[in-house]
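*Asks:* Can you read through this structure? Questions will come right after.
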Amino acid sequence: MGYLDLAVRELMKGLNLFPDDPDLYFFLGVAHDEKGARERAIEYYQHCLELQPDHGEARCNLGAALQALGRPAEARAAYEEAVRHNGSLPEAHFNLGTLYFDQQDFPRAEAEFRQALLLRADEAQAHYWLGLTLAQAGRVDEAAVELTAAVGADPRFADAYFNLGVLLDNQGLKDDALEAYTTCLD
């Protein structure tokens with residue numbers, strides 16, 4: 001039995017004692033999400049939200065599970081509801097940004113990534129995705145700044161180094177591109 005199975009077993013014991021505890025349902029959702037049982041995770045997140053409608057993390061995780069299952073409209077509704085209940089949750093803005101990016105709605109993606117960064121300025125993933133969004137919009141110099149910020153926030157972020165290398169290479173900055181590519185491989 002793996003650690004997630006043990007966690008589920010213990011959380012279920014907790015539900016027998018505290019059947020109206022939203023956090024137990026939330027953590028059951030997280031455990032099932034980690035196990036790849038997305039539909040079951042969604043059920044637990046929804047039950048958590050029935051008990052505590054303003055549980056922002058549950059809404060974000062619900063949206064992510066729905067997005068992973070290819071249900072973008074429902075995911076978007078969950079993320080927007082998370083923002084409505086708790087606008088200071090950077091994950092909600094970040095997740096909305098990735099959803100808009102996937103739908104090639106780059107202006108909205110940019111706005112959500114920027115909002116996520118206002119709430120948590122050192123978030124490497126938000127800088128990275130903002131950089132990709134700006135690159136898609138043809139704003140290469142701004143994209144390079146964001147990708148550089150991503151590797152500044154996480155010096156081991158290989159994808160950010162690689163994409164920075166691509167941008168620099170396309171700008172004819174071969175030596176800088178080579179340095180980014182080399183760092184990507186380290």
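Letters A, B, ... go to the chains of the structure tokens in the order shown; residues in each chain start at 1; ligands are counted from 1 in the same order.
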Excluding same-chain residues fewer than 5 positions from range 109-120 of chain A, what lies within 10 Å of it counting only C-alpha atoms, as a list of chain:residue names?

*Replies:*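 Once the nearby chain positions are removed, what remains is A:Gly87, A:Ser88, A:Leu89, A:Pro90, A:Glu91, A:Ala92, A:His93, A:Phe94, A:Asn95, A:Leu96, A:Gly97, A:Thr98, A:Leu99, A:Tyr100, A:Phe101, A:Asp102, A:Gln103, A:Gln104, A:Gln125, A:Ala126, A:His127, A:Tyr128, A:Trp129, A:Leu130, A:Gly131, A:Leu132, A:Thr133, A:Leu134, A:Ala137.
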
*Asks:* As a PDB file with all heavy atoms, in the first residue's frame, please: the residues near Asp54 in chain A (cut-off 12 Å, only C-alpha atoms, same-chain neighbours under 6 positions excluded).

*Replies:*
ATOM      1  N   PRO A  22     -14.838  20.324   5.870  1.00  0.00           N
ATOM      2  CA  PRO A  22     -14.525  20.525   4.450  1.00  0.00           C
ATOM      3  C   PRO A  22     -13.077  20.184   4.101  1.00  0.00           C
ATOM      4  O   PRO A  22     -12.792  19.716   2.997  1.00  0.00           O
ATOM      5  CB  PRO A  22     -14.820  22.003   4.205  1.00  0.00           C
ATOM      6  CG  PRO A  22     -14.852  22.637   5.543  1.00  0.00           C
ATOM      7  CD  PRO A  22     -15.214  21.573   6.527  1.00  0.00           C
ATOM      8  N   TYR A  45     -13.747  17.477  -4.116  1.00  0.00           N
ATOM      9  CA  TYR A  45     -13.650  18.936  -4.149  1.00  0.00           C
ATOM     10  C   TYR A  45     -15.042  19.561  -4.115  1.00  0.00           C
ATOM     11  O   TYR A  45     -15.274  20.554  -3.414  1.00  0.00           O
ATOM     12  CB  TYR A  45     -12.895  19.419  -5.393  1.00  0.00           C
ATOM     13  CG  TYR A  45     -11.442  19.048  -5.435  1.00  0.00           C
ATOM     14  CD1 TYR A  45     -10.856  18.638  -6.636  1.00  0.00           C
ATOM     15  CD2 TYR A  45     -10.626  19.117  -4.315  1.00  0.00           C
ATOM     16  CE1 TYR A  45      -9.510  18.299  -6.703  1.00  0.00           C
ATOM     17  CE2 TYR A  45      -9.282  18.767  -4.374  1.00  0.00           C
ATOM     18  CZ  TYR A  45      -8.734  18.365  -5.566  1.00  0.00           C
ATOM     19  OH  TYR A  45      -7.407  18.037  -5.635  1.00  0.00           O
ATOM     20  N   GLN A  46     -15.966  19.001  -4.871  1.00  0.00           N
ATOM     21  CA  GLN A  46     -17.321  19.546  -4.894  1.00  0.00           C
ATOM     22  C   GLN A  46     -17.987  19.428  -3.524  1.00  0.00           C
ATOM     23  O   GLN A  46     -18.682  20.352  -3.084  1.00  0.00           O
ATOM     24  CB  GLN A  46     -18.153  18.848  -5.974  1.00  0.00           C
ATOM     25  CG  GLN A  46     -17.736  19.249  -7.364  1.00  0.00           C
ATOM     26  CD  GLN A  46     -18.415  18.438  -8.460  1.00  0.00           C
ATOM     27  OE1 GLN A  46     -18.759  17.276  -8.271  1.00  0.00           O
ATOM     28  NE2 GLN A  46     -18.579  19.059  -9.621  1.00  0.00           N
ATOM     29  N   CYS A  48     -16.436  19.368  -0.641  1.00  0.00           N
ATOM     30  CA  CYS A  48     -15.770  20.388   0.170  1.00  0.00           C
ATOM     31  C   CYS A  48     -16.428  21.745  -0.056  1.00  0.00           C
ATOM     32  O   CYS A  48     -16.710  22.475   0.904  1.00  0.00           O
ATOM     33  CB  CYS A  48     -14.283  20.447  -0.191  1.00  0.00           C
ATOM     34  SG  CYS A  48     -13.391  21.844   0.532  1.00  0.00           S
ATOM     35  N   CYS A  60      -9.666  25.987  -7.075  1.00  0.00           N
ATOM     36  CA  CYS A  60      -8.532  25.910  -8.007  1.00  0.00           C
ATOM     37  C   CYS A  60      -8.248  24.467  -8.394  1.00  0.00           C
ATOM     38  O   CYS A  60      -8.037  24.166  -9.574  1.00  0.00           O
ATOM     39  CB  CYS A  60      -7.289  26.515  -7.380  1.00  0.00           C
ATOM     40  SG  CYS A  60      -7.278  28.296  -7.422  1.00  0.00           S
ATOM     41  N   ALA A  78     -14.833  27.220 -12.593  1.00  0.00           N
ATOM     42  CA  ALA A  78     -14.274  26.976 -11.258  1.00  0.00           C
ATOM     43  C   ALA A  78     -13.209  28.019 -10.919  1.00  0.00           C
ATOM     44  O   ALA A  78     -13.187  28.560  -9.811  1.00  0.00           O
ATOM     45  CB  ALA A  78     -13.699  25.567 -11.180  1.00  0.00           C
ATOM     46  N   GLU A  81     -14.816  31.401 -10.297  1.00  0.00           N
ATOM     47  CA  GLU A  81     -15.480  31.392  -8.993  1.00  0.00           C
ATOM     48  C   GLU A  81     -14.439  31.516  -7.876  1.00  0.00           C
ATOM     49  O   GLU A  81     -14.670  32.196  -6.877  1.00  0.00           O
ATOM     50  CB  GLU A  81     -16.296  30.106  -8.846  1.00  0.00           C
ATOM     51  CG  GLU A  81     -17.318  30.142  -7.753  1.00  0.00           C
ATOM     52  CD  GLU A  81     -18.445  31.148  -7.945  1.00  0.00           C
ATOM     53  OE1 GLU A  81     -18.728  31.567  -9.093  1.00  0.00           O
ATOM     54  OE2 GLU A  81     -19.046  31.530  -6.930  1.00  0.00           O
ATOM     55  N   ALA A  82     -13.283  30.886  -8.040  1.00  0.00           N
ATOM     56  CA  ALA A  82     -12.203  31.013  -7.048  1.00  0.00           C
ATOM     57  C   ALA A  82     -11.755  32.469  -6.944  1.00  0.00           C
ATOM     58  O   ALA A  82     -11.558  32.983  -5.836  1.00  0.00           O
ATOM     59  CB  ALA A  82     -11.033  30.115  -7.426  1.00  0.00           C
ATOM     60  N   VAL A  83     -11.621  33.131  -8.087  1.00  0.00           N
ATOM     61  CA  VAL A  83     -11.226  34.545  -8.092  1.00  0.00           C
ATOM     62  C   VAL A  83     -12.316  35.392  -7.440  1.00  0.00           C
ATOM     63  O   VAL A  83     -12.026  36.303  -6.659  1.00  0.00           O
ATOM     64  CB  VAL A  83     -10.919  35.031  -9.525  1.00  0.00           C
ATOM     65  CG1 VAL A  83     -10.806  36.539  -9.602  1.00  0.00           C
ATOM     66  CG2 VAL A  83      -9.660  34.358 -10.049  1.00  0.00           C
ATOM     67  N   ARG A  84     -13.572  35.076  -7.718  1.00  0.00           N
ATOM     68  CA  ARG A  84     -14.679  35.818  -7.135  1.00  0.00           C
ATOM     69  C   ARG A  84     -14.684  35.687  -5.606  1.00  0.00           C
ATOM     70  O   ARG A  84     -14.916  36.653  -4.895  1.00  0.00           O
ATOM     71  CB  ARG A  84     -16.009  35.317  -7.706  1.00  0.00           C
ATOM     72  CG  ARG A  84     -16.905  36.405  -8.203  1.00  0.00           C
ATOM     73  CD  ARG A  84     -18.246  35.976  -8.740  1.00  0.00           C
ATOM     74  NE  ARG A  84     -18.391  34.691  -9.365  1.00  0.00           N
ATOM     75  CZ  ARG A  84     -18.067  34.386 -10.628  1.00  0.00           C
ATOM     76  NH1 ARG A  84     -17.552  35.309 -11.402  1.00  0.00           N
ATOM     77  NH2 ARG A  84     -18.268  33.193 -11.112  1.00  0.00           N
ATOM     78  N   HIS A  85     -14.428  34.485  -5.120  1.00  0.00           N
ATOM     79  CA  HIS A  85     -14.436  34.260  -3.676  1.00  0.00           C
ATOM     80  C   HIS A  85     -13.157  34.731  -2.995  1.00  0.00           C
ATOM     81  O   HIS A  85     -13.177  35.106  -1.830  1.00  0.00           O
ATOM     82  CB  HIS A  85     -14.651  32.768  -3.360  1.00  0.00           C
ATOM     83  CG  HIS A  85     -16.062  32.331  -3.494  1.00  0.00           C
ATOM     84  ND1 HIS A  85     -17.014  32.587  -2.534  1.00  0.00           N
ATOM     85  CD2 HIS A  85     -16.701  31.655  -4.474  1.00  0.00           C
ATOM     86  CE1 HIS A  85     -18.180  32.088  -2.913  1.00  0.00           C
ATOM     87  NE2 HIS A  85     -18.009  31.521  -4.088  1.00  0.00           N
ATOM     88  N   ASN A  86     -12.034  34.648  -3.725  1.00  0.00           N
ATOM     89  CA  ASN A  86     -10.753  35.015  -3.130  1.00  0.00           C
ATOM     90  C   ASN A  86      -9.828  35.520  -4.232  1.00  0.00           C
ATOM     91  O   ASN A  86      -9.012  34.762  -4.761  1.00  0.00           O
ATOM     92  CB  ASN A  86     -10.134  33.811  -2.409  1.00  0.00           C
ATOM     93  CG  ASN A  86      -8.879  34.170  -1.656  1.00  0.00           C
ATOM     94  OD1 ASN A  86      -8.365  35.283  -1.781  1.00  0.00           O
ATOM     95  ND2 ASN A  86      -8.355  33.242  -0.886  1.00  0.00           N
ATOM     96  N   GLY A  87      -9.948  36.793  -4.547  1.00  0.00           N
ATOM     97  CA  GLY A  87      -9.166  37.393  -5.623  1.00  0.00           C
ATOM     98  C   GLY A  87      -7.681  37.461  -5.347  1.00  0.00           C
ATOM     99  O   GLY A  87      -6.900  37.759  -6.237  1.00  0.00           O
ATOM    100  N   LEU A  89      -5.816  34.953  -4.504  1.00  0.00           N
ATOM    101  CA  LEU A  89      -5.253  33.609  -4.655  1.00  0.00           C
ATOM    102  C   LEU A  89      -4.512  33.538  -5.985  1.00  0.00           C
ATOM    103  O   LEU A  89      -5.130  33.421  -7.047  1.00  0.00           O
ATOM    104  CB  LEU A  89      -6.388  32.578  -4.599  1.00  0.00           C
ATOM    105  CG  LEU A  89      -6.023  31.127  -4.429  1.00  0.00           C
ATOM    106  CD1 LEU A  89      -5.336  30.901  -3.083  1.00  0.00           C
ATOM    107  CD2 LEU A  89      -7.279  30.269  -4.498  1.00  0.00           C
TER     108      LEU A  89
END

*Asks:* Could you give me, as a PyMOL selection string, the residues within 12 Å of Gly29 in chain A, counting only C-alpha atoms and dropping anything in the same chain fewer than 6 positions from it?

*Replies:* chain A and resi 4+7-8+11-12+22-23+35-49+57-62+64-65

*Asks:* Quick one: residues within 8 Å of range 150-163 of chain A, only C-alpha atoms, excluding same-chain residues fewer than 3 positions away - as a list in words?

*Replies:*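 Near neighbours after the sequence-gap exclusion: Asp122, Glu123, Ala124, Gln125, Ala126, His127, Tyr128, Glu146, Leu147, Val166, Leu167, Ala180, Tyr181, Thr183, Cys184 and Leu185 of chain A.
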
*Asks:* Among range 109-175 of chain A, which ones does DSSP assign to helix (DSSP H, G or I) (computed from the backbone)? Answer as a ChimeraX atom specification.

*Replies:* /A:109-119,124-136,140-153,158-170,174-175

*Asks:* Quick check, in Å to one decimal: how far apart do CA of Leu15 in chain A and CA of Gly63 in chain A lie?

*Replies:*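 Those two atoms sit 23.7 Å apart.
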